[in-house]
Amino acid sequence: MIQLTIDGKDLAVPEKKTVLEAARGAGIDIPTLCHDPRLAPYGGCRLCLVEIDGMAKPVTSCTTPVREGMVVRTVSERLYRLRRTIVELLLSDHPNDCMTCIGNGDCTLQELAYFYGLRDNRFHGARREHHRVDANPFITREQNKCVLCGLCVRVCEEVQGVSAIGFADRGFETKIVPPFGEDLNCEFCGQCVAVCPTGALSARLWAGKPRTGGIRSTRTVCTFCGCGCNLTLKTKANEVFRVDSEPTTHNRGWLCVKGRFGYDFINSPERLRTPLIRRSKGGPLEAVDWPEALQHIVSAVTRIKAEHGPDAFAGLSSARCTNEENYLFQKLLRAAIGTNNVDHCARY
Amino acid sequence: MTNSVAEIADNKALLVIGSNTTENHPIIALRMKEAVARGAKLIVADPRRIPLTGFATLWLRQRPGTDAVLLNAMMHVILDEGLADRDFIARRTDGFEDFAPSLASFTPEFAEEITSVPATLIREAARVYATAENAGIYYAMGITQHVMGTYNVQAVANLALLTGNVGRAVAGVNPLRGQNNVQGACDMGCLPNVLPGYQRVDDARARRRFEKAWGRPLPKKPGLTATEMTAAMLDGRLRGLYIFGENPALSDPNSNHSRKAFANLDFLVVQDIFMTETAQLADVVLPGASFAEKEGTFTSSERRVQRVRQAIDPPGRARSDLWIIDQLWRRLAEAEGYGDPPQAERIFAEVASLWPDLAGMSYRRLEGDGLLWPCPTEDHPGTDFLFKEEFNRPGGRALFSAVPFVPSGELPDRDYPLLLTTGRELFHYHTGTMTRRSAGLNAVAPEAFVEISELDADILGISDGEVVAVSSRRGAIRLKARVGAMVPRGVVFIPFHYREAAANLLTNDAMDPTCKIMEAKVCAVRITKG
């Protein structure tokens with residue numbers, strides 16, 4: 001363990017931790033834009049600057065490993081000025097259209113501007129103008145809002161192993177694009193959207209949907225494969241309009257294209273909405289109420305059982321449905337109908 | 001899975017066989033990529049150039065259906081070069097003396113002839129796997145949906161036992177489960193031979209436990225598997241069927257045959273959220289609920305039991321599936337139900353009281369990330385990896401089983417010269433009932449295709465994107481050709497998501513004699529223009 005002092009607090013932290021990790025572990029918040037604990041330290045946004053005794057200039061806490069006896073200050077007038085100026089510079093080339101921005105309420109830059117009270121800006125001059133229209137059905141890029149933190153580039157490379165996007169050009173013209181500036185043609189996992197700290201990357205499916213007011217969040221589990229990823233369903237008025245996953249879950253907040261963007265089947269107009277029965281073989285399916293549909297089944301089961309025995313009936317349960325439903329299903333077949341003819345699609 | 005997903009990142013060697021993990025288990029694949037980034041050696045054994053091959057140290061491109069030969073040859077090398085874990089074999093296994101000679105004929109050179117994987121690569125793979133500090137095997141339907149599927153899995157187990165790579169952290173045998181709750185459906189006893197918790201229906205003691213709890217007699221004779229039900233429907237032994245949340249009319253191999261079987265029934269009930277291909281054949285269609293509209297639990301591939309929570313209400317008069325089954329239970333069992341609406345928590349508690357591995361779980365404990373079974377007591381933290389002390393067999397020792405060479409049920413010949421294998425793609429899930437109704441997913445993956453090698457395409461005069469006819473002895477479909485390097489010469493691949501060009505009209509319903517799985521991964525087809 002390494003002993004150090006941050007803001008007057010004596011701390012003992014394991015070796016190879018960074019000053020940022022040590023501080024956050026002790027409940028000391030340092031602002032960041034480009035940091036994500038799930039990715040390698042980057043040191044791009046410079047917001048996490050701290051003062052360390054014996055060092056001439058402030059250093060980025062996210063890239064500085066802890067050392068024995070370090071004395072660190074995360075708050076000072078100089079650091080406040082530096083951080084405020086960094087945010088001010090970012091905002092000098094930002095649309096500042098929070099009112100209509102899809103990222104409103106879910107934007108680190110907005111929070112920082114609010115924290116530093118940046119209504120006016122001392123820096124005037126050129127602004128980037130990217131007018132990009134993406135044809136892909138999942139991810140919308142508003143590159144005027146990009147702060148070049150590189151989170152999207154890094155998550156795509158470090159976590160997803162795809163490297164679908166990278167930095168192109170230099171200086172003021174720097175932008176994040178797929179090869180040759182074409183539209184995205186990737187796995188569409190949306191990890192980039194999940195880590196973007198501004199409204200630069202968003203999901204097409206969220207456009208025009210609620211941002212903050214009256215939203216309910218429900219934590220549940222994805223339905224698309226055996227990975228068991230945690231989902232947070234955002235709902236309003238009986239509609240699932242957005243799916244997220246928290247970084248603290250066992251899947252670390254990472255999802256695939258199906259889990260993140262494949263939920264619109266839930267609200268499909270083609271959903272079955274009423275029980276249907278066919279009164280005679282070859283006849284049409286007719287809408288009926290529940291009691292009639294259930295009675296129809298009970299009569300048929302009873303008749304088959306009486307004429308051919310319980311083993312003339314079988315049930316196929318569902319690997320998409322819950323344990324409780326599966327349990328009750330096999331109990332119904334075994335204990336109520338009296339057959340072990342119960343299976344599911346484990347073999348398909 | 002014998003191990004948890006988080007352990008994957010610490011693997012020093014990984015053997016992925018018959019699993020296109022990146023597309024079918026994307027988030028598990030992230031852990032594999034993480035292991036590679038940390039220096040692990042990844043062996044991918046797959047006939048297709050799946051995305052994971054881009055991360056692989058070694059790519060073994062075996063012919064579909066020859067997995068056991070490849071694995072046997074790796075074990076041959078391991079024995080030959082003295083790389084077996086003799087101590088583990090002595091301490092924790094039975095049957096090694098009988099098993100070892102069965103590998104003698106599986107020389108890498110013999111395996112090269114059968115699998116087309118170069119003998120040098122087989123040797124190298126054997127060394128990488130056997131000499132790693134810990135190694136995990138990951139497999140899926142690519143090795144199980146064969147007439148010798150059981151043998152393939154036994155070969156995987158043999159390999160792990162031979163090198164002591166099971167029963168400890170970060171080393172194990174890991175089937176990746178294809179559906180969100182296929183693990184749970186098995187755990188809950190939706191299998192014809194076992195009650196919940198894998199307690200056999202023909203074990204009188206187990207049956208008595210359930211008879212006592214449920215207050216009624218239970219049938220002794222194991223029932224029919226899903227694959228056996230098809231024949232029973234055709235010959236009239238089965239008259240009625242209740243299908244809940246499945247679409248076998250599209251997912252069954254040789255699905256024309258299955259559809260005929262469904263049509264032969266006196267009574268078919270289908271409970272689903274959409275009018276599936278199967279529901280269209282039904283006498284009663286019951287509108288159920290999507291995952292977002294219900295309470296309960298799912299059990300993931302790593303045995304992690306997690307809470308599913310209701311976010312919205314089902315549409316129209318659709319009801320939660322639990323409500324529907326509970327209503328039928330009340331009527332058919334003439335018994336009390338589980339509350340109105342039925343309480344999922346009460347049912348979970350009932351399961352926990354009947355299955356010792358779940359006894360320590362309750363909804364209260366499942367808040368957060370859930371728990372991995374076995375979890376026998378209320379203070380038990382759950383189990384990351386299985387078989388630490390003993391294996392699940394009388395005496396607690398694992399058994400080696402000799403695995404012979406068994407060819408696929410139907411191989412290419414003069415009339416049907418190409419080998420068809422099937423699978424999923426990233427953007428769709430199974431028969432597409434959900435994903436093909438997602439606008440975005442359907443936009444990036446709108447139509448079926450058949451992957452064919454450049455060489456075969458050249459011979460047949462087929463160009464990329466051209467519509468071709470693919471036929472087998474069981475059916476024919478038309479779809480676009482995707483010419484490229486994904487499949488080797490002689491092999492073609494079709495995803496089975498698309499009802500308008502259903503791959504399972506072509507596939508073979510030949511069965512593994514032990515576990516009754518159908519051979520969806522190998523059949524013989526012919527491709528013709530237009």
# chains A, B, ... in the order shown; residues from 1 in each chain; ligands from 1
>>> residues_around(residues="Glu133 of chain B", least_positions_apart="5", cutoff="10 Å", atoms="only C-alpha atoms", output="list of chain:residue names")
B:Asn11, B:Lys12, B:Ala13, B:Val128, B:Asn165, B:Val170, B:Ala171
>>> select_by_dssp(residues="segment 197-292 of chain A", states="strand (DSSP E or B)", output="VMD selection string")
chain A and resid 201 to 203 216 to 221 230 to 236 239 to 244 276 to 278 285 to 287
>>> residues_around(residues="Val195 of chain A", least_positions_apart="2", cutoff="8 Å", atoms="only C-alpha atoms", output="short mmCIF file (atom, residue, chain, number, x, y, z; two decimals) with C-alpha atoms, in the first residue's frame")
data_model
loop_
_atom_site.label_atom_id
_atom_site.label_comp_id
_atom_site.auth_asym_id
_atom_site.auth_seq_id
_atom_site.Cartn_x
_atom_site.Cartn_y
_atom_site.Cartn_z
CA ASP A 36 -13.74 6.25 -18.07
CA LEU A 151 -13.80 8.04 -25.53
CA CYS A 152 -15.66 6.69 -28.57
CA VAL A 155 -13.96 2.15 -26.47
CA GLN A 191 -20.63 1.54 -26.91
CA CYS A 192 -19.48 4.88 -28.41
CA VAL A 193 -22.92 6.38 -27.83
CA PRO A 197 -20.04 12.87 -22.68
#
>>> closest_residue(among="A:Cys101, A:Leu272, A:Cys156, A:Leu79", to="Gly199 of chain A", atoms="only C-alpha atoms")
A:Cys101
>>> interface_residues(of="chain B", to="chain A", cutoff="6 Å", atoms="only C-alpha atoms", output="VMD selection string")
chain B and resid 177 to 182 184 to 185 188 190 to 192 218 to 219 222 to 226 237 to 246 273 to 274 283 to 287 296 to 298 300 to 301 308 to 309 311 to 312 315 to 318 322 329 332 to 333 347 434 437 to 438 440 517
>>> residues_around(residues="segment 20-36 of chain B", least_positions_apart="3", cutoff="6 Å", atoms="only C-alpha atoms", output="NGL selection string")
:B and (8-10 or 39-40 or 425-426)
>>> select_by_dssp(residues="segment 305-341 of chain A", states="alpha helix (DSSP H)", output="NGL selection string")
:A and (305-308 or 323-331)
>>> residues_around(residues="segment 45-48 of chain B", least_positions_apart="6", cutoff="8 Å", atoms="only C-alpha atoms", output="PDB file with N, CA and C atoms, in the first residue's frame")
ATOM      1  N   LEU B  15      -9.758 -22.005 -26.077  1.00  0.00           N
ATOM      2  CA  LEU B  15     -10.122 -22.757 -27.274  1.00  0.00           C
ATOM      3  C   LEU B  15     -11.598 -22.495 -27.535  1.00  0.00           C
ATOM      4  N   VAL B  16     -11.873 -21.825 -28.638  1.00  0.00           N
ATOM      5  CA  VAL B  16     -13.262 -21.541 -28.999  1.00  0.00           C
ATOM      6  C   VAL B  16     -13.606 -22.426 -30.185  1.00  0.00           C
ATOM      7  N   ILE B  17     -14.550 -23.324 -29.979  1.00  0.00           N
ATOM      8  CA  ILE B  17     -14.881 -24.288 -31.033  1.00  0.00           C
ATOM      9  C   ILE B  17     -16.391 -24.339 -31.235  1.00  0.00           C
ATOM     10  N   GLY B  18     -16.800 -24.121 -32.474  1.00  0.00           N
ATOM     11  CA  GLY B  18     -18.235 -24.170 -32.770  1.00  0.00           C
ATOM     12  C   GLY B  18     -19.007 -23.037 -32.142  1.00  0.00           C
ATOM     13  N   SER B  19     -18.364 -21.918 -31.939  1.00  0.00           N
ATOM     14  CA  SER B  19     -19.049 -20.746 -31.401  1.00  0.00           C
ATOM     15  C   SER B  19     -18.572 -19.510 -32.150  1.00  0.00           C
ATOM     16  N   TRP B  59      -5.824 -20.418 -35.970  1.00  0.00           N
ATOM     17  CA  TRP B  59      -7.166 -20.667 -36.502  1.00  0.00           C
ATOM     18  C   TRP B  59      -7.166 -22.028 -37.166  1.00  0.00           C
ATOM     19  N   LEU B  60      -7.921 -22.946 -36.601  1.00  0.00           N
ATOM     20  CA  LEU B  60      -8.036 -24.289 -37.153  1.00  0.00           C
ATOM     21  C   LEU B  60      -9.331 -24.336 -37.956  1.00  0.00           C
ATOM     22  N   ARG B  61      -9.187 -24.522 -39.256  1.00  0.00           N
ATOM     23  CA  ARG B  61     -10.382 -24.450 -40.096  1.00  0.00           C
ATOM     24  C   ARG B  61     -10.849 -25.866 -40.430  1.00  0.00           C
ATOM     25  N   GLN B  62     -11.494 -26.502 -39.466  1.00  0.00           N
ATOM     26  CA  GLN B  62     -11.918 -27.884 -39.685  1.00  0.00           C
ATOM     27  C   GLN B  62     -13.132 -27.955 -40.589  1.00  0.00           C
ATOM     28  N   ARG B  63     -13.288 -29.061 -41.310  1.00  0.00           N
ATOM     29  CA  ARG B  63     -14.516 -29.286 -42.070  1.00  0.00           C
ATOM     30  C   ARG B  63     -15.674 -29.422 -41.076  1.00  0.00           C
ATOM     31  N   PRO B  64     -16.830 -28.863 -41.397  1.00  0.00           N
ATOM     32  CA  PRO B  64     -17.957 -29.009 -40.472  1.00  0.00           C
ATOM     33  C   PRO B  64     -18.219 -30.490 -40.179  1.00  0.00           C
ATOM     34  N   MET B 486     -15.434 -16.059 -46.423  1.00  0.00           N
ATOM     35  CA  MET B 486     -15.950 -16.506 -45.126  1.00  0.00           C
ATOM     36  C   MET B 486     -15.926 -18.023 -44.981  1.00  0.00           C
ATOM     37  N   VAL B 487     -16.290 -18.725 -46.070  1.00  0.00           N
ATOM     38  CA  VAL B 487     -16.353 -20.186 -45.991  1.00  0.00           C
ATOM     39  C   VAL B 487     -15.285 -20.790 -46.904  1.00  0.00           C
ATOM     40  N   PRO B 488     -14.798 -21.978 -46.558  1.00  0.00           N
ATOM     41  CA  PRO B 488     -13.825 -22.627 -47.435  1.00  0.00           C
ATOM     42  C   PRO B 488     -14.527 -23.273 -48.626  1.00  0.00           C
TER      43      PRO B 488
END
>>> closest_residue(among="A:Thr5, A:Ser92, A:Asn121, A:Gln110", to="Glu68 of chain A", atoms="only C-alpha atoms")
A:Thr5
>>> atom_distance(atom1="atom CA of Thr299 of chain B", atom2="atom CA of His380 of chain B")
17.6 Å
>>> residues_around(residues="Arg119 of chain A", least_positions_apart="2", cutoff="12 Å", atoms="only C-alpha atoms", output="VMD selection string")
chain A and resid 84 87 to 88 91 to 92 96 110 112 to 117 121 to 122
>>> atom_distance(atom1="atom CA of Arg81 of chain A", atom2="atom CA of Asp120 of chain A")
15.1 Å
>>> residues_around(residues="Cys515 of chain B", least_positions_apart="4", cutoff="10 Å", atoms="only C-alpha atoms", output="MDAnalysis selection string")
(chainID A and resid 347) or (chainID B and resid 144 147:150 225 227 511)
>>> write_last_selection(atoms="C-alpha atoms", output="PDB file, in the first residue's frame")
ATOM      1  CA  ARG A 347     -31.558 -28.332 -28.958  1.00  0.00           C
TER       2      ARG A 347
ATOM      3  CA  THR B 144     -23.621 -29.947 -30.631  1.00  0.00           C
ATOM      4  CA  VAL B 147     -25.517 -36.666 -35.092  1.00  0.00           C
ATOM      5  CA  MET B 148     -22.342 -37.067 -32.996  1.00  0.00           C
ATOM      6  CA  GLY B 149     -23.059 -33.983 -30.883  1.00  0.00           C
ATOM      7  CA  THR B 150     -22.820 -35.904 -27.615  1.00  0.00           C
ATOM      8  CA  THR B 225     -38.018 -34.805 -26.433  1.00  0.00           C
ATOM      9  CA  THR B 227     -37.352 -33.705 -31.627  1.00  0.00           C
ATOM     10  CA  MET B 511     -30.640 -37.140 -34.698  1.00  0.00           C
TER      11      MET B 511
END
>>> atom_distance(atom1="atom CA of Glu173 of chain A", atom2="atom CA of Cys34 of chain A")
19.2 Å
>>> closest_residue(among="A:Met70, A:Gly166, A:Leu33, A:Gly214", to="Asp10 of chain A", atoms="only C-alpha atoms")
A:Met70
